[in-house]
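Undergrad: Just one file: structure-v4.tsv, with TSV, C-alpha atoms and all ligand atoms.
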chain	number	residue	atom	x	y	z
Z	15	MET	CA	0.00	0.00	0.00
Z	16	LYS	CA	2.73	2.41	1.00
Z	17	GLU	CA	4.65	1.81	-2.18
Z	18	ASN	CA	1.49	2.41	-4.15
Z	19	GLY	CA	0.94	5.68	-2.35
Z	20	GLU	CA	4.46	6.82	-3.16
Z	21	ARG	CA	3.96	5.98	-6.79
Z	22	GLU	CA	0.72	7.97	-6.79
Z	23	ASN	CA	2.56	10.93	-5.25
Z	24	GLU	CA	5.27	10.79	-7.87
Z	25	LYS	CA	2.65	10.73	-10.62
Z	26	VAL	CA	0.81	13.74	-9.21
Z	27	GLU	CA	3.95	15.76	-8.43
Z	28	LYS	CA	5.55	15.24	-11.81
Z	29	THR	CA	2.32	15.86	-13.71
Z	30	LEU	CA	1.83	19.08	-11.73
Z	31	LYS	CA	5.37	20.15	-12.59
Z	32	ALA	CA	4.79	19.46	-16.30
Z	33	GLY	CA	1.54	21.41	-16.05
Z	34	GLU	CA	3.17	24.38	-14.37
Z	35	ILE	CA	5.72	24.54	-17.16
Z	36	LEU	CA	2.97	24.50	-19.78
Z	37	ARG	CA	1.17	27.30	-17.98
Z	38	LYS	CA	4.30	29.45	-18.21
Z	39	VAL	CA	4.75	28.67	-21.90
Z	40	LYS	CA	1.09	29.44	-22.60
Z	41	LYS	CA	1.44	32.85	-20.98
Z	42	GLU	CA	4.23	33.66	-23.41
Z	43	LEU	CA	2.35	32.54	-26.50
Z	44	PRO	CA	0.40	35.75	-27.26
Z	45	GLU	CA	3.75	37.47	-27.90
Z	46	ILE	CA	4.59	35.06	-30.69
Z	47	VAL	CA	1.33	33.70	-32.14
Z	48	LYS	CA	0.75	36.61	-34.52
Z	49	PRO	CA	0.18	37.17	-38.25
Z	50	GLY	CA	3.41	37.03	-40.20
Z	51	VAL	CA	5.21	34.68	-37.81
Z	52	ARG	CA	6.50	31.41	-39.24
Z	53	LEU	CA	4.85	28.28	-37.80
Z	54	ILE	CA	8.24	26.69	-37.27
Z	55	GLU	CA	9.30	29.61	-35.06
Z	56	ILE	CA	6.29	29.03	-32.83
Z	57	ALA	CA	6.83	25.26	-32.64
Z	58	GLU	CA	10.52	25.60	-31.83
Z	59	PHE	CA	9.86	28.33	-29.30
Z	60	VAL	CA	7.38	26.11	-27.44
Z	61	GLU	CA	9.52	23.00	-27.55
Z	62	ASN	CA	12.70	24.82	-26.47
Z	63	ARG	CA	10.94	26.67	-23.66
Z	64	ILE	CA	9.56	23.41	-22.28
Z	65	ILE	CA	13.12	22.07	-22.11
Z	66	GLU	CA	14.54	25.30	-20.63
Z	67	LEU	CA	11.93	25.15	-17.91
Z	68	GLY	CA	12.89	21.62	-16.93
Z	69	ALA	CA	10.64	19.20	-18.83
Z	70	PHE	CA	10.55	17.63	-22.29
Z	71	PRO	CA	7.95	17.99	-25.04
Z	72	ALA	CA	5.48	15.12	-24.66
Z	73	PHE	CA	4.64	15.48	-28.36
Z	74	PRO	CA	5.47	17.97	-31.11
Z	75	CYS	CA	3.88	21.39	-30.76
Z	76	ASN	CA	0.67	21.20	-32.83
Z	77	ILE	CA	-0.31	24.40	-34.63
Z	78	SER	CA	-3.49	23.62	-36.53
Z	79	VAL	CA	-4.98	26.48	-38.54
Z	80	ASP	CA	-8.61	27.10	-39.60
Z	81	ARG	CA	-10.14	23.83	-40.91
Z	82	ASP	CA	-7.20	21.81	-39.66
Z	83	ALA	CA	-8.24	20.59	-36.23
Z	84	ALA	CA	-5.22	18.67	-34.99
Z	85	HIS	CA	-1.90	16.97	-35.72
Z	86	PHE	CA	-0.33	19.72	-37.75
Z	87	THR	CA	3.28	20.45	-36.91
Z	88	PRO	CA	5.61	22.27	-39.28
Z	89	LYS	CA	8.35	20.43	-41.11
Z	90	ARG	CA	12.01	21.31	-41.02
Z	91	GLY	CA	12.59	24.49	-43.02
Z	92	ASP	CA	8.85	25.15	-43.25
Z	93	GLU	CA	8.25	28.62	-44.70
Z	94	ARG	CA	4.54	28.85	-43.92
Z	95	VAL	CA	3.44	31.85	-41.85
Z	96	LEU	CA	0.36	32.68	-39.84
Z	97	LYS	CA	-2.11	34.88	-41.68
Z	98	GLU	CA	-4.41	37.62	-40.49
Z	99	GLY	CA	-7.96	36.30	-40.04
Z	100	SER	CA	-6.93	32.77	-39.04
Z	101	ILE	CA	-8.12	30.61	-36.18
Z	102	VAL	CA	-5.04	28.97	-34.68
Z	103	LYS	CA	-5.05	26.04	-32.26
Z	104	VAL	CA	-1.82	25.62	-30.31
Z	105	ASP	CA	-1.77	22.23	-28.57
Z	106	ILE	CA	1.25	21.60	-26.36
Z	107	GLY	CA	2.46	18.81	-24.11
Z	108	ALA	CA	5.25	18.41	-21.59
Z	109	HIS	CA	6.46	15.45	-19.60
Z	110	VAL	CA	8.59	15.01	-16.52
Z	111	ASP	CA	9.97	11.44	-16.41
Z	112	GLY	CA	7.14	10.37	-18.67
Z	113	PHE	CA	4.35	12.00	-16.67
Z	114	VAL	CA	2.45	14.04	-19.22
Z	115	ALA	CA	0.46	17.27	-19.13
Z	116	ASP	CA	-1.43	18.31	-22.25
Z	117	THR	CA	-3.16	21.63	-22.97
Z	118	ALA	CA	-4.41	23.69	-25.89
Z	119	VAL	CA	-5.59	27.21	-26.61
Z	120	THR	CA	-7.10	28.87	-29.65
Z	121	PHE	CA	-5.92	32.22	-30.96
Z	122	ASP	CA	-8.31	34.18	-33.13
Z	123	LEU	CA	-6.22	36.39	-35.39
Z	124	GLY	CA	-9.16	38.54	-36.42
Z	125	SER	CA	-11.38	35.89	-38.00
Z	126	ASP	CA	-15.02	36.54	-38.89
Z	127	MET	CA	-15.97	33.92	-36.29
Z	128	PRO	CA	-14.57	35.06	-32.94
Z	129	LYS	CA	-17.33	33.19	-31.07
Z	130	LEU	CA	-15.82	29.86	-32.07
Z	131	ALA	CA	-12.82	30.17	-29.76
Z	132	GLU	CA	-15.09	31.51	-27.03
Z	133	ALA	CA	-17.43	28.52	-27.41
Z	134	ALA	CA	-14.55	26.02	-27.12
Z	135	LYS	CA	-13.25	27.75	-24.01
Z	136	GLU	CA	-16.68	27.85	-22.40
Z	137	ALA	CA	-17.33	24.20	-23.31
Z	138	LEU	CA	-14.12	23.26	-21.51
Z	139	GLU	CA	-14.97	25.32	-18.44
Z	140	ASN	CA	-18.46	23.84	-18.27
Z	141	ALA	CA	-17.09	20.34	-18.72
Z	142	ILE	CA	-14.55	20.78	-15.92
Z	143	SER	CA	-17.26	22.12	-13.62
Z	144	VAL	CA	-19.11	18.78	-13.66
Z	145	VAL	CA	-16.04	16.65	-12.94
Z	146	ARG	CA	-16.03	14.75	-9.67
Z	147	ASP	CA	-15.33	11.21	-8.50
Z	148	GLY	CA	-17.79	8.91	-10.27
Z	149	VAL	CA	-18.89	11.31	-13.00
Z	150	ASP	CA	-19.94	9.50	-16.17
Z	151	VAL	CA	-17.95	10.56	-19.25
Z	152	SER	CA	-21.23	10.89	-21.14
Z	153	GLU	CA	-22.20	13.68	-18.73
Z	154	ILE	CA	-19.05	15.58	-19.67
Z	155	GLY	CA	-19.78	15.05	-23.37
Z	156	LYS	CA	-23.33	16.27	-22.89
Z	157	VAL	CA	-22.15	19.53	-21.37
Z	158	ILE	CA	-19.65	20.01	-24.19
Z	159	GLU	CA	-22.18	19.44	-26.96
Z	160	GLU	CA	-24.80	21.61	-25.27
Z	161	THR	CA	-22.35	24.47	-24.94
Z	162	ALA	CA	-21.30	24.21	-28.60
Z	163	ARG	CA	-24.96	24.07	-29.72
Z	164	LYS	CA	-25.87	27.07	-27.57
Z	165	TYR	CA	-23.49	29.10	-29.74
Z	166	GLY	CA	-24.97	27.61	-32.92
Z	167	PHE	CA	-21.94	25.38	-33.46
Z	168	ARG	CA	-21.23	21.66	-33.22
Z	169	PRO	CA	-18.57	19.72	-31.41
Z	170	VAL	CA	-16.19	17.65	-33.53
Z	171	TYR	CA	-17.70	14.21	-33.02
Z	172	ASN	CA	-14.65	12.16	-33.86
Z	173	LEU	CA	-12.06	13.92	-31.71
Z	174	THR	CA	-11.91	13.16	-28.02
Z	175	GLY	CA	-10.31	13.86	-24.69
Z	176	HIS	CA	-8.33	11.05	-23.10
Z	177	GLY	CA	-6.56	9.65	-20.12
Z	178	LEU	CA	-2.85	10.27	-19.51
Z	179	GLU	CA	-0.53	7.51	-18.40
Z	180	ARG	CA	3.21	7.42	-17.94
Z	181	TRP	CA	4.80	7.66	-21.42
Z	182	ILE	CA	1.34	7.47	-22.99
Z	183	ALA	CA	-0.17	10.68	-24.30
Z	184	HIS	CA	-3.49	9.10	-25.29
Z	185	ALA	CA	-4.72	6.50	-22.82
Z	186	LYS	CA	-8.12	5.33	-21.67
Z	187	PRO	CA	-10.72	6.56	-20.87
Z	188	THR	CA	-11.99	8.22	-24.03
Z	189	ILE	CA	-13.85	11.42	-23.26
Z	190	TYR	CA	-16.20	12.22	-26.13
Z	191	ASN	CA	-17.31	15.72	-27.01
Z	192	TYR	CA	-20.95	14.55	-27.07
Z	193	PRO	CA	-22.94	12.23	-24.79
Z	194	ALA	CA	-21.26	8.90	-25.49
Z	195	GLY	CA	-19.36	6.30	-23.52
Z	196	LYS	CA	-22.12	5.89	-20.95
Z	197	GLY	CA	-21.03	3.68	-18.08
Z	198	VAL	CA	-17.40	4.83	-18.15
Z	199	LYS	CA	-16.71	6.84	-15.03
Z	200	LEU	CA	-13.92	9.15	-13.93
Z	201	GLU	CA	-12.49	8.19	-10.57
Z	202	GLU	CA	-10.64	10.09	-7.91
Z	203	GLY	CA	-6.93	10.25	-8.73
Z	204	MET	CA	-7.35	9.82	-12.50
Z	205	ILE	CA	-5.43	12.23	-14.69
Z	206	VAL	CA	-7.23	13.09	-17.91
Z	207	ALA	CA	-7.25	15.69	-20.66
Z	208	ILE	CA	-10.57	17.18	-21.65
Z	209	GLU	CA	-10.48	18.80	-25.06
Z	210	PRO	CA	-13.59	20.14	-26.75
Z	211	PHE	CA	-13.28	20.98	-30.43
Z	212	VAL	CA	-16.01	23.25	-31.75
Z	213	THR	CA	-16.82	23.91	-35.41
Z	214	ASN	CA	-19.22	25.73	-37.71
Z	215	GLY	CA	-18.92	22.73	-40.05
Z	216	ILE	CA	-20.67	19.35	-39.82
Z	217	GLY	CA	-18.43	18.24	-36.95
Z	218	LYS	CA	-16.24	15.58	-38.45
Z	219	VAL	CA	-12.54	15.44	-39.21
Z	220	THR	CA	-10.66	13.25	-41.61
Z	221	ASP	CA	-7.03	12.66	-42.58
Z	222	ARG	CA	-5.24	14.99	-44.95
Z	223	SER	CA	-2.27	13.57	-46.79
Z	224	GLU	CA	0.26	15.66	-44.88
Z	225	VAL	CA	1.93	13.85	-41.97
Z	226	GLU	CA	4.79	15.03	-39.79
Z	227	ILE	CA	3.93	13.33	-36.48
Z	228	PHE	CA	4.72	9.71	-35.69
Z	229	SER	CA	5.10	7.37	-32.73
Z	230	LEU	CA	6.35	3.88	-32.05
Z	231	PRO	CA	3.80	1.21	-31.15
Z	232	PRO	CA	4.31	-0.14	-27.60
Z	233	GLU	CA	5.53	-3.49	-28.94
Z	234	VAL	CA	8.27	-1.70	-30.91
Z	235	ALA	CA	9.36	1.03	-28.48
Z	236	GLY	CA	12.50	-0.05	-26.62
Z	237	ASN	CA	12.40	-3.50	-28.18
Z	238	GLU	CA	15.84	-4.55	-29.42
Z	239	ARG	CA	14.31	-7.44	-31.32
Z	240	ALA	CA	12.08	-5.08	-33.30
Z	241	LEU	CA	15.22	-3.20	-34.25
Z	242	LYS	CA	16.82	-6.39	-35.52
Z	243	ALA	CA	13.73	-7.17	-37.58
Z	244	VAL	CA	14.34	-4.09	-39.71
Z	245	ARG	CA	16.42	-5.30	-42.63
Z	246	MET	CA	17.45	-2.03	-44.18
Z	247	LYS	CA	20.33	-0.30	-42.37
Z	248	GLN	CA	19.08	3.23	-43.01
Z	249	ALA	CA	15.62	2.33	-41.70
Z	250	ARG	CA	17.15	0.69	-38.65
Z	251	GLU	CA	19.05	3.86	-37.85
Z	252	VAL	CA	15.91	5.98	-38.10
Z	253	LEU	CA	14.04	3.57	-35.85
Z	254	LYS	CA	16.88	3.51	-33.35
Z	255	GLU	CA	16.86	7.28	-33.09
Z	256	ALA	CA	13.06	7.33	-32.71
Z	257	MET	CA	13.34	4.93	-29.78
Z	258	LYS	CA	14.50	7.73	-27.50
Z	259	PHE	CA	10.92	9.05	-27.53
Z	260	ARG	CA	9.65	5.70	-26.21
Z	261	THR	CA	5.89	5.58	-26.86
Z	262	LEU	CA	5.43	9.35	-27.08
Z	263	PRO	CA	4.75	11.05	-30.43
Z	264	PHE	CA	7.62	12.81	-32.19
Z	265	ALA	CA	8.05	15.06	-35.22
Z	266	LYS	CA	9.93	14.06	-38.31
Z	267	ARG	CA	11.97	17.25	-37.91
Z	268	TRP	CA	13.19	15.97	-34.53
Z	269	LEU	CA	15.08	13.18	-36.26
Z	270	LYS	CA	18.54	13.90	-37.66
Z	271	LYS	CA	17.95	12.20	-40.95
Z	272	ALA	CA	14.61	10.76	-41.88
Z	273	PRO	CA	14.02	10.45	-45.61
Z	274	GLU	CA	10.36	10.28	-46.64
Z	275	VAL	CA	10.76	6.82	-48.25
Z	276	ILE	CA	12.30	5.34	-45.13
Z	277	ILE	CA	9.60	6.73	-42.89
Z	278	SER	CA	6.78	5.48	-45.13
Z	279	ARG	CA	8.40	2.09	-45.26
Z	280	LEU	CA	8.59	1.88	-41.46
Z	281	VAL	CA	4.95	2.93	-41.22
Z	282	ARG	CA	3.89	0.41	-43.87
Z	283	GLU	CA	5.71	-2.38	-42.08
Z	284	GLY	CA	4.14	-1.52	-38.73
Z	285	PHE	CA	7.25	-0.20	-36.99
Z	286	MET	CA	5.87	3.32	-36.80
Z	287	ARG	CA	2.48	4.94	-36.49
Z	288	ALA	CA	1.60	8.00	-38.52
Z	289	TYR	CA	-0.67	10.81	-37.35
Z	290	PRO	CA	-1.84	12.66	-40.47
Z	291	VAL	CA	-3.20	16.18	-40.15
Z	292	LEU	CA	-6.91	16.04	-39.30
Z	293	ALA	CA	-9.11	18.52	-41.14
Z	294	GLU	CA	-12.82	19.30	-40.83
Z	295	VAL	CA	-14.47	17.49	-43.76
Z	296	SER	CA	-16.99	20.19	-44.67
Z	297	GLY	CA	-14.36	22.91	-44.56
Z	298	GLY	CA	-15.64	24.39	-41.31
Z	299	ASN	CA	-13.41	26.38	-39.03
Z	300	VAL	CA	-12.36	24.65	-35.83
Z	301	ALA	CA	-11.52	25.95	-32.35
Z	302	GLN	CA	-10.16	23.90	-29.46
Z	303	ALA	CA	-9.59	24.28	-25.74
Z	304	GLU	CA	-7.89	21.70	-23.55
Z	305	HIS	CA	-6.80	21.22	-19.98
Z	306	THR	CA	-5.24	18.35	-18.09
Z	307	ILE	CA	-7.04	17.74	-14.82
Z	308	ILE	CA	-6.74	15.51	-11.80
Z	309	VAL	CA	-10.06	14.10	-10.64
Z	310	GLU	CA	-10.76	14.71	-6.96
Z	311	LYS	CA	-13.66	13.64	-4.81
Z	312	ASP	CA	-15.88	16.65	-5.44
Z	313	ALA	CA	-14.15	18.54	-8.23
Z	314	ALA	CA	-11.18	18.70	-10.56
Z	315	VAL	CA	-7.72	20.15	-10.03
Z	316	VAL	CA	-6.70	21.93	-13.22
Z	317	VAL	CA	-3.07	21.06	-13.89
Z	318	THR	CA	-2.50	23.28	-16.92
X	401	CO	CO	-4.87	15.99	-25.75
What would you get if you wrote out this structure as structure tokens?
Ligand code: CO
TA:
Amino acid sequence: MKENGERENEKVEKTLKAGEILRKVKKELPEIVKPGVRLIEIAEFVENRIIELGAFPAFPCNISVDRDAAHFTPKRGDERVLKEGSIVKVDIGAHVDGFVADTAVTFDLGSDMPKLAEAAKEALENAISVVRDGVDVSEIGKVIEETARKYGFRPVYNLTGHGLERWIAHAKPTIYNYPAGKGVKLEEGMIVAIEPFVTNGIGKVTDRSEVEIFSLPPEVAGNERALKAVRMKQAREVLKEAMKFRTLPFAKRWLKKAPEVIISRLVREGFMRAYPVLAEVSGGNVAQAEHTIIVEKDAAVVVT
């Protein structure tokens, strides 16, 4: 029992530290998330700041613009810049010894739909307000959808919040942004990320062809035998380098040398997972808000 308690303490302390670091980084974001700034500058700023402050990025800084909802991170040498009128989701994660905090904010750079970011933020606040030991995830989803609808928008139905486990950025339980998952309950001590996405489109995202974010499946991460199973030397070297991220997602630009053909081969053969950019299918704009929370008996502690 005692050992268990200590492990629980470590989990909470390190997650809180990761969260505190993300809070600091978030405070600095308005200075840099502006029209004319290159996306790569923002991503590198976030990732470097997380390290300077004493953690590591738990996944690449996601900067998804307008109809892109998630999983966009710039590539090495990316020249793309933020434009006036855009809706920009910045989703960031930090970990301390594998204990992850995950948070996202939306910046409205003068779009014609400023209520979208407001709706996402309010949906998150309302969702957090119903969290307690034993709350059904469908209750959280209900609050999120109702808030989105109140504004005349919809949630994104196929993006969800999630649990956070050591070295795992997306664990169980799944927290839908609409009333689903009935019977699954949050329990005291659980650490989860709630992340409503709100859109003026139909509320569904699908893969685009662009992909810059990858991870290693649990059966591959840290498995010397998996490494030996890769026949091609160049592919083996890429995989070996990727193993330092364990099971956490990484960006292609984080690898020293990762030719497109090698990466696709590793993905095809099941040694790597790809996370393509997810865009709203009807071309709707998307806003997002996300916090990591710890479930307590009567409420939630907001970590980020
Ligand atoms: Co998340």
Undergrad: Anything within 12 Å of (-10.4, 13.4, -5.1): list those residues as a PyMOL selection string, counting only C-alpha atoms and sticking to the file's coordinates.
TA: chain Z and resi 26+145-149+200-205+307-315
Undergrad: Which residue, Z:Asp82, Z:Asp105, Z:Asp126, Z:Glu139, has the smallest gap to ligand CO 401 (chain X) when you use only C-alpha atoms and all ligand atoms?
TA: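 Nearest candidate to ligand CO 401 (chain X) out of Z:Asp82, Z:Asp105, Z:Asp126, Z:Glu139: Z:Asp105.
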Undergrad: How would you write, as number ranges by chain, the set of residues no farther than 9 Å from ligand CO 401 (chain X) when counting all atoms listed in the file?
TA: Z: 105-107, 115-118, 174-178, 183-184, 206-209, 304-306
Undergrad: For those residues, write C-alpha atoms to a file as a JSON list (two decimals), keeping the file's coordinate frame.
TA:
[["chain", "number", "residue", "atom", "x", "y", "z"],
["Z", 105, "ASP", "CA", -1.77, 22.23, -28.57],
["Z", 106, "ILE", "CA", 1.25, 21.60, -26.36],
["Z", 107, "GLY", "CA", 2.46, 18.81, -24.11],
["Z", 115, "ALA", "CA", 0.46, 17.27, -19.13],
["Z", 116, "ASP", "CA", -1.43, 18.31, -22.25],
["Z", 117, "THR", "CA", -3.16, 21.63, -22.97],
["Z", 118, "ALA", "CA", -4.41, 23.69, -25.89],
["Z", 174, "THR", "CA", -11.91, 13.16, -28.02],
["Z", 175, "GLY", "CA", -10.31, 13.86, -24.69],
["Z", 176, "HIS", "CA", -8.33, 11.05, -23.10],
["Z", 177, "GLY", "CA", -6.56, 9.65, -20.12],
["Z", 178, "LEU", "CA", -2.85, 10.27, -19.51],
["Z", 183, "ALA", "CA", -0.17, 10.68, -24.30],
["Z", 184, "HIS", "CA", -3.49, 9.10, -25.29],
["Z", 206, "VAL", "CA", -7.23, 13.09, -17.91],
["Z", 207, "ALA", "CA", -7.25, 15.69, -20.66],
["Z", 208, "ILE", "CA", -10.57, 17.18, -21.65],
["Z", 209, "GLU", "CA", -10.48, 18.80, -25.06],
["Z", 304, "GLU", "CA", -7.89, 21.70, -23.55],
["Z", 305, "HIS", "CA", -6.80, 21.22, -19.98],
["Z", 306, "THR", "CA", -5.24, 18.35, -18.09]]
Undergrad: Can you pull out the residues contacting Ile101 of chain Z? Cut-off 6 Å, using only C-alpha atoms, and skip same-chain residues under 2 positions away; I want them as an MDAnalysis selection string.
TA: chainID Z and resid 79:80 121:122
Undergrad: Quick one: residues within 12 Å of Ile158 of chain Z, all atoms listed in the file, excluding same-chain residues fewer than 5 positions away - as an mmCIF file with C-alpha atoms, in the frame of the given file?
TA:
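Final file, out_25.cif:
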data_model
loop_
_atom_site.group_PDB
_atom_site.id
_atom_site.type_symbol
_atom_site.label_atom_id
_atom_site.label_comp_id
_atom_site.auth_asym_id
_atom_site.auth_seq_id
_atom_site.Cartn_x
_atom_site.Cartn_y
_atom_site.Cartn_z
ATOM 1 C CA ALA Z 133 -17.430 28.520 -27.410
ATOM 2 C CA ALA Z 134 -14.550 26.020 -27.120
ATOM 3 C CA LYS Z 135 -13.250 27.750 -24.010
ATOM 4 C CA GLU Z 136 -16.680 27.850 -22.400
ATOM 5 C CA ALA Z 137 -17.330 24.200 -23.310
ATOM 6 C CA LEU Z 138 -14.120 23.260 -21.510
ATOM 7 C CA GLU Z 139 -14.970 25.320 -18.440
ATOM 8 C CA ASN Z 140 -18.460 23.840 -18.270
ATOM 9 C CA ALA Z 141 -17.090 20.340 -18.720
ATOM 10 C CA ILE Z 142 -14.550 20.780 -15.920
ATOM 11 C CA SER Z 143 -17.260 22.120 -13.620
ATOM 12 C CA VAL Z 144 -19.110 18.780 -13.660
ATOM 13 C CA VAL Z 151 -17.950 10.560 -19.250
ATOM 14 C CA SER Z 152 -21.230 10.890 -21.140
ATOM 15 C CA GLU Z 153 -22.200 13.680 -18.730
ATOM 16 C CA ARG Z 163 -24.960 24.070 -29.720
ATOM 17 C CA LYS Z 164 -25.870 27.070 -27.570
ATOM 18 C CA TYR Z 165 -23.490 29.100 -29.740
ATOM 19 C CA PHE Z 167 -21.940 25.380 -33.460
ATOM 20 C CA ARG Z 168 -21.230 21.660 -33.220
ATOM 21 C CA PRO Z 169 -18.570 19.720 -31.410
ATOM 22 C CA VAL Z 170 -16.190 17.650 -33.530
ATOM 23 C CA TYR Z 171 -17.700 14.210 -33.020
ATOM 24 C CA THR Z 174 -11.910 13.160 -28.020
ATOM 25 C CA GLY Z 175 -10.310 13.860 -24.690
ATOM 26 C CA ILE Z 189 -13.850 11.420 -23.260
ATOM 27 C CA TYR Z 190 -16.200 12.220 -26.130
ATOM 28 C CA ASN Z 191 -17.310 15.720 -27.010
ATOM 29 C CA TYR Z 192 -20.950 14.550 -27.070
ATOM 30 C CA PRO Z 193 -22.940 12.230 -24.790
ATOM 31 C CA ALA Z 194 -21.260 8.900 -25.490
ATOM 32 C CA ILE Z 208 -10.570 17.180 -21.650
ATOM 33 C CA GLU Z 209 -10.480 18.800 -25.060
ATOM 34 C CA PRO Z 210 -13.590 20.140 -26.750
ATOM 35 C CA PHE Z 211 -13.280 20.980 -30.430
ATOM 36 C CA VAL Z 212 -16.010 23.250 -31.750
ATOM 37 C CA GLN Z 302 -10.160 23.900 -29.460
ATOM 38 C CA ALA Z 303 -9.590 24.280 -25.740
ATOM 39 C CA GLU Z 304 -7.890 21.700 -23.550
#
Undergrad: So the first atom is atom CA of Val110 of chain Z and the second is atom CA of Ile227 of chain Z; what is the distance between them in Å, to one decimal place?
TA: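 Calculated distance between atom CA of Val110 of chain Z and atom CA of Ile227 of chain Z is 20.6 Å.
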Undergrad: Near Glu98 of chain Z, within 8 Å and counting all atoms listed in the file, which residues show up once chain neighbours fewer than 4 positions away are dropped, as a list in words?
TA: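 Counting only the stated atoms, we get Lys48, Pro49, Gly50, Leu123, Gly124 and Ser125 of chain Z.
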Undergrad: So how far away is atom CA of Lys258 of chain Z from atom CA of Thr29 of chain Z, in Å?
TA: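 Pair atom CA of Thr29 of chain Z / atom CA of Lys258 of chain Z returns 20.1 Å.
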Undergrad: Enter the distance from atom CA of Lys266 of chain Z to atom CA of Lys28 of chain Z, in Å, rounded to one decimal.
TA: 26.9 Å
Undergrad: Give me the residues within 10 Å of Ser78 of chain Z as a ChimeraX atom specification, counting only C-alpha atoms and dropping any in the same chain fewer than 5 places off.
TA: /Z:53,83-88,101-105,120,291-293,300-302
Undergrad: I need the residue nearest Asp111 of chain Z from this list: Z:Lys31, Z:Ile277, Z:Met257, Z:Lys271. Use only C-alpha atoms for the distance.
TA: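 Distance minimum relative to Asp111 of chain Z lands on Z:Lys31.
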Undergrad: Return as AutoDock Vina command-line options the centre and edge lengths, in Å with one decimal, of the box along x, y and z that encloses every atom of segment 175-191 of chain Z in the file, padded by 4 Å per side.
TA:
--center_x -6.3 --center_y 10.5 --center_z -22.5 --size_x 30.1 --size_y 18.4 --size_z 17.1
Undergrad: Need the shell around Trp268 of chain Z: protein/DNA/RNA residues with any atom at most 10 Å away, counting all atoms listed in the file. Skip same-chain ones fewer than 2 positions apart. Format as a short mmCIF file (atom, residue, chain, number, x, y, z; two decimals) with C-alpha atoms, in the coordinates of the input?
TA:
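part28.cif written:
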data_model
loop_
_atom_site.label_atom_id
_atom_site.label_comp_id
_atom_site.auth_asym_id
_atom_site.auth_seq_id
_atom_site.Cartn_x
_atom_site.Cartn_y
_atom_site.Cartn_z
CA PRO Z 74 5.47 17.97 -31.11
CA LYS Z 89 8.35 20.43 -41.11
CA ARG Z 90 12.01 21.31 -41.02
CA GLU Z 226 4.79 15.03 -39.79
CA ILE Z 227 3.93 13.33 -36.48
CA GLU Z 255 16.86 7.28 -33.09
CA ALA Z 256 13.06 7.33 -32.71
CA PHE Z 264 7.62 12.81 -32.19
CA ALA Z 265 8.05 15.06 -35.22
CA LYS Z 266 9.93 14.06 -38.31
CA LYS Z 270 18.54 13.90 -37.66
CA LYS Z 271 17.95 12.20 -40.95
CA ALA Z 272 14.61 10.76 -41.88
#
Undergrad: Using all atoms listed in the file, which of Z:Met127, Z:Val295, Z:Ala243, Z:Ala185 sits nearest Thr220 of chain Z?
TA: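 Of Z:Met127, Z:Val295, Z:Ala243, Z:Ala185, the one nearest Thr220 of chain Z, counting all atoms listed in the file, is Z:Val295.
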Undergrad: Between Z:Val316, Z:Val219, Z:Val252, Z:Val60, which has the minimum distance to Leu43 of chain Z (counting only C-alpha atoms)?
TA: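 Using only C-alpha atoms, Leu43 of chain Z sits closest to Z:Val60.
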Undergrad: Nearest to Glu22 of chain Z: which of Z:Lys199, Z:Arg180, Z:Arg222, Z:Arg282 is it, counting all atoms listed in the file?
TA: Z:Arg180
Undergrad: Determine the nearest neighbour of Gly91 of chain Z from the options Z:Leu67, Z:Ala57, Z:Met286, Z:Leu253, counting all atoms listed in the file.
TA: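 With all atoms listed in the file as the atom set, the closest residue is Z:Ala57.
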